[in-house]
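Beneath this line is the structure, given in structure tokens, with notes to follow.
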There are 2 protein chains.
Amino acid sequence: MDAIDLTLVELLQGNARLSYAELARQVGLSSPAVHERVGKLESAGVIRGYRADVDPEAVGLGVTAFIGLVEDSGADTDDVLEALRAMPGIESCYFMAGVESFLCMARVGTIAQLEQLILQLNRIPGIASTRTAIALSTKWEDRPQQITS
Amino acid sequence: MDAIDLTLVELLQGNARLSYAELARQVGLSSPAVHERVGKLESAGVIRGYRADVDPEAVGLGVTAFIGLVEDSGADTDDVLEALRAMPGIESCYFMAGVESFLCMARVGTIAQLEQLILQLNRIPGIASTRTAIALSTKWEDRPQQITS
DNA sequence: AGGGTCAGGTCGATGGCGTCCACGGACTGT
DNA sequence: ACAGTCCGTGGACGCCATCGACCTGACCCT
């Protein structure tokens, strides 16, 4: 990960569809050299993939919420995780420090669907309680992280 | 947004670097037709861009935290937002229902940097208090949303 | 010091791709 | 019926991705 790799990562974070030729121009290398560097960044796991950034509201997912989950004492965390993973609408899931073992970011179409989702969550064995916070608007999301190393 | 557009969005969500020729093969259209459809999805704002998905830990951002912010009574929300936006490390920011006006997702390199970030947040005029929850691990993140419409 | 090895670059060739343009069929409103 | 519009196809052309061959400098071992 030298300075050129860093620039490549930043460029691709900004626009994942840049051609290798364009990347090459930006970093002052030949196109095959860039091709090889990017390939190595991918297989090293630095670049995990390339995603289109889709506006959730434009595809009928207008409701965003964060749901904290408290586990039962003696719950099997792996089972809970599996159940969470099976639920559509849970876009992100973190294992947290604190009383609430999990924090989930959910995206659904309507408040009614959010209600259904919460009911389903409460029905998962091992989950003692849920706490939901609804986002009224997204100020920004997934801003390109500034790379330190 | 017909079924073909939907497929295109899903394909690009999975891999933003697919060629137009490949997309065309998958949906059974010609490459120029796909090119035009994708262009329209972009200018309609359905596709906001294309981003490389970078592993935060691989670039020195091993600490993820969620910070809820309570505003002072009489705080200027726009000013607070501006101050938040100026802070590096705050990757996402939502305006929330509830006592905590904002929920921020922060990504930094170390716990010490998180401490600094929280101190800075508390120093922003208009912010009464902060509440931080630290993620111990990320189970998944930004799972491709299932498109309903 | 000298030579082997390797990582990482350039260059050139070639096949495929992006992109532009002209053209054509199906709907729609008049 | 007819013109206009939308949305597609096919062909052409230049650029790009990708591969192989070769070059160079750093490093190590003797």
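Every chain in the structure tokens has a letter given in the order shown (A, B, ...), and although residue numbers restart at 1 in each chain, ligands are simply numbered from 1 in the order shown.
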
Residues flagged helix (DSSP H, G or I) by DSSP in chain A, as a PyMOL selection string: chain A and resi 3-14+20-27+31-43+56-59+77-85+111-123

Neighbour list for Ala106 in chain A as a ChimeraX atom specification, cut-off 9 Å, only C-alpha atoms (C1' of nucleotides), skip fewer than 6 positions in-chain: /A:63-67,88-93,114,117

Would you mind exporting the chosen residues as an mmCIF file, in the first residue's frame, restricted to all heavy atoms?
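Result file part-v3.cif:
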data_model
loop_
_atom_site.group_PDB
_atom_site.id
_atom_site.type_symbol
_atom_site.label_atom_id
_atom_site.label_comp_id
_atom_site.auth_asym_id
_atom_site.auth_seq_id
_atom_site.Cartn_x
_atom_site.Cartn_y
_atom_site.Cartn_z
ATOM 1 N N VAL A 63 -38.167 4.313 4.282
ATOM 2 C CA VAL A 63 -38.107 4.345 5.753
ATOM 3 C C VAL A 63 -36.804 3.707 6.236
ATOM 4 O O VAL A 63 -36.520 2.550 5.911
ATOM 5 C CB VAL A 63 -39.300 3.599 6.366
ATOM 6 C CG1 VAL A 63 -39.170 3.526 7.873
ATOM 7 C CG2 VAL A 63 -40.614 4.284 5.971
ATOM 8 N N THR A 64 -36.023 4.480 6.973
ATOM 9 C CA THR A 64 -34.772 3.986 7.547
ATOM 10 C C THR A 64 -34.901 3.993 9.063
ATOM 11 O O THR A 64 -35.392 4.959 9.629
ATOM 12 C CB THR A 64 -33.598 4.879 7.125
ATOM 13 O OG1 THR A 64 -33.526 4.901 5.695
ATOM 14 C CG2 THR A 64 -32.280 4.369 7.681
ATOM 15 N N ALA A 65 -34.458 2.922 9.698
ATOM 16 C CA ALA A 65 -34.534 2.878 11.149
ATOM 17 C C ALA A 65 -33.339 2.129 11.716
ATOM 18 O O ALA A 65 -32.739 1.283 11.034
ATOM 19 C CB ALA A 65 -35.830 2.199 11.590
ATOM 20 N N PHE A 66 -32.999 2.460 12.957
ATOM 21 C CA PHE A 66 -31.943 1.757 13.679
ATOM 22 C C PHE A 66 -32.581 1.021 14.833
ATOM 23 O O PHE A 66 -33.350 1.615 15.587
ATOM 24 C CB PHE A 66 -30.880 2.732 14.160
ATOM 25 C CG PHE A 66 -30.089 3.323 13.042
ATOM 26 C CD1 PHE A 66 -30.557 4.441 12.348
ATOM 27 C CD2 PHE A 66 -28.897 2.749 12.630
ATOM 28 C CE1 PHE A 66 -29.841 4.979 11.288
ATOM 29 C CE2 PHE A 66 -28.177 3.277 11.581
ATOM 30 C CZ PHE A 66 -28.646 4.383 10.907
ATOM 31 N N ILE A 67 -32.251 -0.240 14.953
ATOM 32 C CA ILE A 67 -32.896 -1.067 15.960
ATOM 33 C C ILE A 67 -31.827 -1.709 16.837
ATOM 34 O O ILE A 67 -30.949 -2.424 16.337
ATOM 35 C CB ILE A 67 -33.743 -2.170 15.294
ATOM 36 C CG1 ILE A 67 -34.654 -1.553 14.227
ATOM 37 C CG2 ILE A 67 -34.556 -2.923 16.337
ATOM 38 C CD1 ILE A 67 -35.450 -2.573 13.444
ATOM 39 N N PRO A 88 -35.052 -10.035 5.588
ATOM 40 C CA PRO A 88 -34.815 -9.014 4.572
ATOM 41 C C PRO A 88 -35.046 -7.649 5.198
ATOM 42 O O PRO A 88 -35.737 -7.536 6.206
ATOM 43 C CB PRO A 88 -35.893 -9.323 3.526
ATOM 44 C CG PRO A 88 -36.997 -9.955 4.305
ATOM 45 C CD PRO A 88 -36.355 -10.677 5.457
ATOM 46 N N GLY A 89 -34.436 -6.663 4.663
ATOM 47 C CA GLY A 89 -34.641 -5.314 5.174
ATOM 48 C C GLY A 89 -33.586 -4.885 6.162
ATOM 49 O O GLY A 89 -33.406 -3.698 6.399
ATOM 50 N N ILE A 90 -32.866 -5.845 6.737
ATOM 51 C CA ILE A 90 -31.783 -5.472 7.641
ATOM 52 C C ILE A 90 -30.513 -5.306 6.817
ATOM 53 O O ILE A 90 -29.886 -6.274 6.402
ATOM 54 C CB ILE A 90 -31.584 -6.504 8.761
ATOM 55 C CG1 ILE A 90 -32.877 -6.608 9.572
ATOM 56 C CG2 ILE A 90 -30.425 -6.113 9.653
ATOM 57 C CD1 ILE A 90 -32.742 -7.368 10.854
ATOM 58 N N GLU A 91 -30.173 -4.074 6.582
ATOM 59 C CA GLU A 91 -29.114 -3.782 5.623
ATOM 60 C C GLU A 91 -27.740 -3.918 6.259
ATOM 61 O O GLU A 91 -26.790 -4.329 5.611
ATOM 62 C CB GLU A 91 -29.319 -2.366 5.082
ATOM 63 C CG GLU A 91 -28.770 -2.176 3.685
ATOM 64 C CD GLU A 91 -29.203 -0.855 3.099
ATOM 65 O OE1 GLU A 91 -30.411 -0.735 2.785
ATOM 66 O OE2 GLU A 91 -28.374 0.050 2.956
ATOM 67 N N SER A 92 -27.643 -3.545 7.538
ATOM 68 C CA SER A 92 -26.371 -3.659 8.244
ATOM 69 C C SER A 92 -26.630 -4.198 9.637
ATOM 70 O O SER A 92 -27.713 -4.010 10.190
ATOM 71 C CB SER A 92 -25.681 -2.294 8.355
ATOM 72 O OG SER A 92 -25.539 -1.690 7.088
ATOM 73 N N CYS A 93 -25.622 -4.852 10.195
ATOM 74 C CA CYS A 93 -25.766 -5.425 11.530
ATOM 75 C C CYS A 93 -24.416 -5.433 12.232
ATOM 76 O O CYS A 93 -23.436 -5.942 11.689
ATOM 77 C CB CYS A 93 -26.325 -6.840 11.422
ATOM 78 S SG CYS A 93 -26.490 -7.666 13.013
ATOM 79 N N LEU A 114 -42.199 -1.535 8.760
ATOM 80 C CA LEU A 114 -41.273 -1.460 9.895
ATOM 81 C C LEU A 114 -41.893 -2.128 11.113
ATOM 82 O O LEU A 114 -41.225 -2.880 11.838
ATOM 83 C CB LEU A 114 -40.937 0.004 10.189
ATOM 84 C CG LEU A 114 -39.970 0.227 11.352
ATOM 85 C CD1 LEU A 114 -38.651 -0.490 11.105
ATOM 86 C CD2 LEU A 114 -39.735 1.711 11.592
ATOM 87 N N LEU A 117 -41.581 -5.732 10.774
ATOM 88 C CA LEU A 117 -40.193 -6.136 10.997
ATOM 89 C C LEU A 117 -39.881 -6.219 12.486
ATOM 90 O O LEU A 117 -39.265 -7.187 12.968
ATOM 91 C CB LEU A 117 -39.262 -5.126 10.305
ATOM 92 C CG LEU A 117 -37.768 -5.427 10.383
ATOM 93 C CD1 LEU A 117 -37.417 -6.629 9.527
ATOM 94 C CD2 LEU A 117 -36.947 -4.224 9.925
#

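Residue-level contact on chain B: within 9 Å of chain D, counting only C-alpha atoms (C1' of nucleotides), the set is Leu29, Ser30, Pro32 and Ala33 of chain B.
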
Chain B residues near chain C (8 Å cut-off, only C-alpha atoms (C1' of nucleotides)) as a PyMOL selection string: chain B and resi 19-21+32

For Glu42 in chain B: contacts at 12 Å, only C-alpha atoms (C1' of nucleotides), fewer than 3 positions along chain excluded, given as an MDAnalysis selection string: (chainID A and resid 52:55 58) or (chainID B and resid 5 8:9 12 35:39 45:50)

Selection: 12 Å around Gly74 in chain A, only C-alpha atoms (C1' of nucleotides), excl. self and same-chain fewer than 2 positions, as a PyMOL selection string: chain A and resi 70-72+76-80+125-128

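Between CA of Glu141 in chain B and CA of Ala83 in chain A there is a distance of 16.0 Å.
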
Residues of range 29-142 of chain A in strand (DSSP E), written as a count of residues only: 47

Selection near Gly60 in chain B, 12 Å with only C-alpha atoms (C1' of nucleotides), sequence-local residues under 5 positions removed, as a VMD selection string: (chain A and resid 1 6 46 145 to 149) or (chain B and resid 54 to 55 89 107 to 110 113)

Go ahead and save the residues from that selection, with N, CA and C atoms, as an mmCIF file, in the first residue's frame.
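The file below, out.cif, is the result:
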data_model
loop_
_atom_site.group_PDB
_atom_site.id
_atom_site.type_symbol
_atom_site.label_atom_id
_atom_site.label_comp_id
_atom_site.auth_asym_id
_atom_site.auth_seq_id
_atom_site.Cartn_x
_atom_site.Cartn_y
_atom_site.Cartn_z
ATOM 1 N N MET A 1 0.838 -1.215 0.000
ATOM 2 C CA MET A 1 0.000 0.000 0.000
ATOM 3 C C MET A 1 0.870 1.260 0.000
ATOM 4 N N LEU A 6 -2.903 4.034 -2.708
ATOM 5 C CA LEU A 6 -3.846 4.877 -1.967
ATOM 6 C C LEU A 6 -4.657 5.743 -2.926
ATOM 7 N N VAL A 46 -8.429 -5.422 0.303
ATOM 8 C CA VAL A 46 -8.595 -3.983 0.543
ATOM 9 C C VAL A 46 -9.832 -3.489 -0.206
ATOM 10 N N GLN A 145 -14.448 7.268 3.236
ATOM 11 C CA GLN A 145 -13.617 7.355 4.436
ATOM 12 C C GLN A 145 -12.237 7.881 4.073
ATOM 13 N N GLN A 146 -11.685 8.677 4.970
ATOM 14 C CA GLN A 146 -10.336 9.141 4.649
ATOM 15 C C GLN A 146 -9.314 8.158 5.165
ATOM 16 N N ILE A 147 -8.544 7.723 4.228
ATOM 17 C CA ILE A 147 -7.631 6.627 4.471
ATOM 18 C C ILE A 147 -6.385 7.164 5.151
ATOM 19 N N THR A 148 -6.029 6.484 6.241
ATOM 20 C CA THR A 148 -4.912 6.989 7.029
ATOM 21 C C THR A 148 -3.614 6.272 6.683
ATOM 22 N N SER A 149 -3.698 4.964 6.472
ATOM 23 C CA SER A 149 -2.463 4.243 6.171
ATOM 24 C C SER A 149 -2.296 4.135 4.671
ATOM 25 N N VAL B 54 -14.452 -0.541 0.111
ATOM 26 C CA VAL B 54 -13.126 -0.690 0.717
ATOM 27 C C VAL B 54 -13.264 -1.196 2.147
ATOM 28 N N ASP B 55 -12.487 -2.197 2.488
ATOM 29 C CA ASP B 55 -12.482 -2.729 3.851
ATOM 30 C C ASP B 55 -11.899 -1.681 4.800
ATOM 31 N N GLY B 89 -14.268 11.572 9.659
ATOM 32 C CA GLY B 89 -14.537 10.390 10.459
ATOM 33 C C GLY B 89 -16.015 10.117 10.627
ATOM 34 N N ARG B 107 -16.113 6.426 11.987
ATOM 35 C CA ARG B 107 -15.096 5.407 11.747
ATOM 36 C C ARG B 107 -13.738 6.068 11.949
ATOM 37 N N VAL B 108 -12.992 5.540 12.904
ATOM 38 C CA VAL B 108 -11.657 6.086 13.182
ATOM 39 C C VAL B 108 -10.677 4.938 13.362
ATOM 40 N N GLY B 109 -9.412 5.313 13.556
ATOM 41 C CA GLY B 109 -8.387 4.286 13.626
ATOM 42 C C GLY B 109 -8.236 3.656 14.996
ATOM 43 N N THR B 110 -8.367 4.486 16.019
ATOM 44 C CA THR B 110 -8.106 3.999 17.382
ATOM 45 C C THR B 110 -9.147 4.550 18.353
ATOM 46 N N GLN B 113 -8.522 8.092 19.091
ATOM 47 C CA GLN B 113 -9.089 9.026 18.116
ATOM 48 C C GLN B 113 -10.592 9.181 18.320
#

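Of note, CA of Glu100 in chain A and CA of Ala75 in chain B are spaced 29.7 Å apart.
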
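Nearest residue to chain B among A:Leu11, A:Val34, A:Ile4, A:Leu136 is A:Leu136, counting only C-alpha atoms.
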
Length of the CA of Asn15 in chain A to CA of Asp2 in chain A vector [Å]: 20.2 Å
